[in-house]
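Visitor: Structure below; questions to follow.
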Amino acid sequence: MRPELLALGALTLFSCATARPTRAFTAPHDELFTATWLALENEGVRVTGHDRIAGSLTWATGEASISGTGDDEALTLTPNDPRLLDAVERRVRATLAAWETSQDFTYDARRNLLYVSGFSKILTPSWRVG
């Protein structure tokens, strides 16, 4: 085999092995950032560094990066861990869907009433407003 073809094949394999897996989302940057952090922690990853504006989350053995790509936001994990990326993606999508469909609520402190979609509930004395 010609040396240049061998070198090109090795470079291709190296590029594939070091490619950073990316998943696209249509969520706002701040929601994707928070959902990713929650998903990572739920998968047993202890986030030790974060920058919401830059869209980066770091832990002992890796980093998550969230960046805008046109109309979408891209989530990238480094190093390449397809199992973790798949699990984080599933959890992030589920969290974003739950946030989209959750009902708004209001609390009337004068009457100690919680209102959710036309339904009201008198709260117990042990419930406290944070």
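Residues are named by chain letter and number: chains run A, B, ... in the order of the structure tokens, numbers start at 1 in each chain, and ligands are numbered from 1 in the order shown.
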Taking only region 4-96 of chain A into account, list the residues labelled strand (DSSP E) by DSSP (computed from the backbone), as a PyMOL selection string.

Guide: chain A and resi 22-25+49-51+56-59+62-69+72-78

Visitor: Would you mind listing what lies within 12 Å of Arg90 (chain A) as a list in words, with only C-alpha atoms counted and same-chain residues fewer than 4 positions away left out?

Guide: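 Near neighbours after the sequence-gap exclusion: Arg23, Phe25, Ala35, Thr36, Leu38, Ala39, Leu40, Asn42, Glu43, Arg83, Leu84, Leu85, Asp86, Ala94, Thr95, Leu96 and Ala97 of chain A.
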
Visitor: State, in Å with one decimal place, the distance from CA of Thr26 (chain A) to CA of Glu63 (chain A).

Guide: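 Distance between the two atoms: 20.8 Å.
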
Visitor: If we count only C-alpha atoms and set the cut-off at 10 Å, which residues sit around Pro28 (chain A), ignoring sequence neighbours fewer than 5 positions away in its own chain? Please answer as a ChimeraX atom specification.

Guide: /A:33,68,71-73,96

Visitor: Could the residues in this selection be written to a file with N, CA and C atoms, as a CSV table (one decimal), in the first residue's frame?

Guide:
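The new file selection19.csv reads:
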chain,number,residue,atom,x,y,z
A,33,PHE,N,-29.0,24.9,29.0
A,33,PHE,CA,-27.9,24.8,30.0
A,33,PHE,C,-28.4,24.2,31.3
A,68,GLY,N,-24.7,28.3,20.1
A,68,GLY,CA,-25.7,28.5,19.1
A,68,GLY,C,-25.2,28.1,17.7
A,71,ASP,N,-30.6,28.6,14.2
A,71,ASP,CA,-31.8,28.6,15.0
A,71,ASP,C,-31.8,27.6,16.1
A,72,ASP,N,-30.8,26.7,16.1
A,72,ASP,CA,-30.6,25.7,17.1
A,72,ASP,C,-29.5,25.9,18.0
A,73,GLU,N,-29.5,25.2,19.1
A,73,GLU,CA,-28.4,25.2,20.1
A,73,GLU,C,-27.8,23.8,20.0
A,96,LEU,N,-37.0,19.4,29.0
A,96,LEU,CA,-37.5,20.5,28.2
A,96,LEU,C,-39.0,20.3,27.8

Visitor: Calculated over only C-alpha atoms, which of the candidates A:Val88, A:Val45, A:Leu113, A:Ala74 has the smallest distance to Thr61 (chain A)?

Guide: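 Among the listed residues, the smallest separation from Thr61 (chain A) belongs to A:Val45.
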
Visitor: Counting only C-alpha atoms, which residue out of A:Asp81, A:Glu41, A:Glu89, A:Asp108 sits closest to Ala24 (chain A)?

Guide: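 Of A:Asp81, A:Glu41, A:Glu89, A:Asp108, the one nearest Ala24 (chain A) is A:Glu89, counting only C-alpha atoms.
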